Amino acid sequence: MVVPFIIDLMVPLGAAVWMLYLMPVTLAYMGTRQQLPLILATIVTVLLPIGYVLSPPGGVGGALAQLNRVLAGIVIWIIAAGGTVSIRNRLSVRREEWLQAGELGVAMNVNGEQRLDQLGRNVLTYLAEYLGAQAGAIYFRNGEGFRLTATYGAPLNAPIPERFLPGDGLLGQAVMNKRSFVLHEVPDNYLYFGSGLGQAKPRHMMIAVAKVDGEVGAVLELGFIDDIDPTWVELLDRVSEAVGIAVRSAEYRVRLQELLEETQQQAEELQVQSEELRATNEELEAQSRALRESQSRLEVQQSELEETNVQLEEQTQALEAQRDDLDRARSVLEEQARELERASRYKSEFLANMSHELRTPLNSLLIMARLLAENRGGNLVAEQVKFAQTIETSGNDLLVLINDILDISKIEAGHLELHVRQVRIAPLMAKLKSAFEASASAKGLRFGVEIEPGLPAEVETDPQRLEQVLRNFLSNAVKFTEKGEVVLRARRTVDGRLMFSVKDTGVGIAPEQQSIIFEAFRQADGTISRKYGGTGLGLSISRELARLLGGNIKVESAEGEGSVFSLILPEAFEGEVDVAPPSVAPERARIDRSAAARSPAPETRQRRDGLEDDRERLTGDSRVILVVEDDPTFARVLYDLAHEAGFACLVAETADEGVLMARQYLPMAVILDIGLPDHTGLTVLDRLKRDMHTRHIPVHVVSANDYSHAARAYGAAGHTLKPVKREELLRVLEGLETQLPQRMRRVLIVEDDSTQLESLMHLLGTRDVETVLARSAAECLEHLGAGIYDCMVLDLNLPDRSGLDLLEKLSQDETVSFPPVIVYTGKELSADEELRLRKYSKSIIIKGARSPERLLDEVTLFLHQVVSELPEPQRNLVVKSLSRDAALEGRHILVVEDDIRNVYALTSIFEPHGAVVRIARNGHEALRALEEAGRSGGRAIDLVLMDIMMPEMDGLTAMREIRRRAEWKSLPIIALTAKAMAHDQEQCLEAGANDYLAKPLDVDKLLSLVRVWMPR
């Protein structure tokens, strides 16, 4: 435009220079912008007047020149308008060609049978490349939502959702609206593209949907860096239906393929079923032929059966008559059986009730006979004491008979309980040998035990009932054998069961008598002139027990040649039985007690029979140590350590067994657990220290709770708290070992009165005890710093300092020894002083009329002196001291018992020991007695002995009522039960009893339990 304008300025008017202005407008036809011709025409329109004004004069006139230029402007605008129309038509044609090319490309990419993922990739790749998109993703419908099918240009870690639902985000909104839309200025953390050199996000986003028949089948998302041309949106709208049809076709092809495969599978199954049906039809045809043949034979048989039926009808009538007779006979037999069962049950109940009723008078008989035999008053001659011992022995025999009657009645009534567990065979055989060897030797018989090699170590059965049967066999063998031997043998039978046999060389049994001996109250010799006594219940009970244990009894005997009684049992119990828990004492610590230091709380453990020990290997020079422990693992540890220390070891699992073994074997030392199954270990310690024959044996207590003060007070040599390290146990055994050979004991007497010093020296000094005198606290400290003493007797009134200050000084000074202390003083102590002294002193004795014998008793206890080896005057003083009981002196005991004989017997036990006995005949009277004792302001009840079976209010109810009252929560209660069955014991303890004891009462055990539970 510049060149024509310059020429126009230089050429004078009249020349057709304005024709040059047509060239730019005409050239604009070749452009793509529709407005360019009109813009150029506007410029020319402006330049023509300017050129007219500025052109040099000459040529034509001014009017003609003006007309010429007006015509030129009109021509130029006509040409410009035609150019605009031409460009618009050309661009429209080109845009249509581009859209058609795009549709054709999409059609080619969706053409053919393609899988959905392949179709998605082809469509997305083509459209992205055709439109110049930098990133893209395509989603196909999958059920209720849409699943990502393919991506373009986006890295793997791009935040592209795998699935979306209609209405979920922009994609879901596009589906809901069923239209495409464009998003400008895409935010961060959106769809982005990248390569190995980096990543970037698109500036513009286009979302399009592919739909057919109004249903969206796919969603396309494309990202662009440059601006989006509306033509692209139109292209996507045009191909929407084609893509939707392709997606639907692909889905149909997939579904068609699945249906085709399913149809082929069903066709194969139908073919197999067809073959099976064909085979079945052939079989049915064969069976039909066989049935037709059978039918012909049956027709023949039917005619024969019709003839037979006539005969059977006649026989049926005869049988019906016989059946009626049998029904009447069976009814009679059933009625007789019910009457027999009723009579048997009445008999069993009568025997059971009678056996329990017999225990009541027997209880008082045994107690009174025992008290007479002890001859505490010394007013009976030796023959009278022997008569009392005979009464006690006969009473015990009667108790055995009552127990036998009770057992047979329980067996007949079906109420006998079995406690099945593993039983070790070797210790059981050793126990039986120790029980019967003495009685056999007394008759001049050899007693032997044989265990077959290879026999299993254990058998699963009820240990109590197994031992009961074998004891019966052995008792009969010893009783009926005058010379020869009795052998207890254990071996395995041919069929793999275990056989326990007792062989003797006695009188034997005739064959015709061998079945009679197993009947109740029957013997081989039942005449009035029979040589051997007995009830005849033992073998009857044994046979029934063997049956309950899953075994049987076998007898081999010939008259004059001896007998062999064999119990045959399975190695593993085969019967069905509710295994009741063993008779154990439950946790007693659940009841609060004021005397916590003396209130044992044994742990409840299940007893395991048959712990190994050395009772079969003892010799005359064996150094024996007794372990009373029910935990088999800890008992085994102590057993091994005892062997390392050179001791033979015996093991007892219960309190009663521990006392019996201590009295039988007289071990050199005892290691005692507190938590034992039947009673607390403190009762064992008390019973041993109250027995003249065992009180010298050192006892070391090992317990899970701290009973050191209580154990020392009862005379224990030491106390160790569980868990115990092996090194500590070794030191305990070494300490016992060094103590055993020590003969000379040293006692330090601290007393400022010369007369008292001399009398104490004569009282305590023996050939085995050295007494050392100290007249002041300073002299006492000097002696204790220079040597070690086994015991110290201390007076509280010393010239230089009080005895209590001296004890506190000794407890703090580690440079001097601190032996067990017995306070022997004439001073009346206040409650506070006594409480302070109890921290240091094992015993406090107030000087009085009976104080010398009690002091001697306490000193001999702590020095572990053998009473029988003391000089006679001192031995008599100890015996006299034991006849009184400091633990029971002046204590108030409430006896709740309705039987006057038992009341008298119990009173006779406790009153000689200094106790005050109060009586109540039932639970109501017991509650009233406790209330009166609390209201009167006098001495309260210290302990209750509670019978269970009483009128008006029984013992269980009374104990529950007592425990409901806060002031009686810690009151010790000992239940006196009719029998020691597990459920009876559990009921007593659950009702609130601290401990229990079975009738007939063992006097020593009763006294021991009362001492242990009596609060201090």
# chains A, B, ... in the order shown; residues from 1 in each chain; ligands from 1
$ residues_around --residues "segment 558-575 of chain A" --least-positions-apart "6" --cutoff "9 Å" --atoms "only C-alpha atoms" --output "VMD selection string"
chain A and resid 420 to 422 456 458 to 462 466 469 to 470 473 477 480 to 481 493 496 to 511 543 546 548 to 552
$ residues_around --residues "segment 156-165 of chain A" --least-positions-apart "5" --cutoff "6 Å" --atoms "only C-alpha atoms" --output "list of chain:residue names"
A:Gly145, A:Phe146, A:Arg147, A:Leu148, A:Gly172
$ select_by_dssp --residues "segment 906-1016 of chain A" --states "strand (DSSP E or B)" --output "NGL selection string"
:A and (916-920 or 943-947 or 973-977 or 995-998)
$ residues_around --residues "Leu930 of chain A" --least-positions-apart "3" --cutoff "12 Å" --atoms "only C-alpha atoms" --output "VMD selection string"
chain A and resid 892 to 896 918 to 920 923 to 927 933 to 944 958 to 959 961 to 962 965 967 to 968 971
$ residues_around --residues "segment 635-643 of chain A" --least-positions-apart "3" --cutoff "12 Å" --atoms "only C-alpha atoms" --output "number ranges by chain"
A: 608, 610-614, 622-632, 646-653, 669-673, 702, 724-734, 736-737
$ closest_residue --among "A:Leu131, A:Ala905, A:Leu810, A:Glu751" --to "Arg370 of chain A" --atoms "only C-alpha atoms"
A:Ala905
$ atom_distance --atom1 "atom CA of Glu770 of chain A" --atom2 "atom CA of Tyr714 of chain A"
23.4 Å
$ closest_residue --among "A:Ser776, A:Ser542, A:Gln199, A:Ser240" --to "Ala135 of chain A" --atoms "only C-alpha atoms"
A:Gln199
$ select_by_dssp --residues "segment 75-301 of chain A" --states "alpha helix (DSSP H)" --output "VMD selection string"
chain A and resid 75 to 110 116 to 131 169 to 177 230 to 301
$ atom_distance --atom1 "atom CA of Leu945 of chain A" --atom2 "atom CA of Ile974 of chain A"
5.1 Å
$ atom_distance --atom1 "atom CA of Glu96 of chain A" --atom2 "atom CA of Trp232 of chain A"
11.7 Å
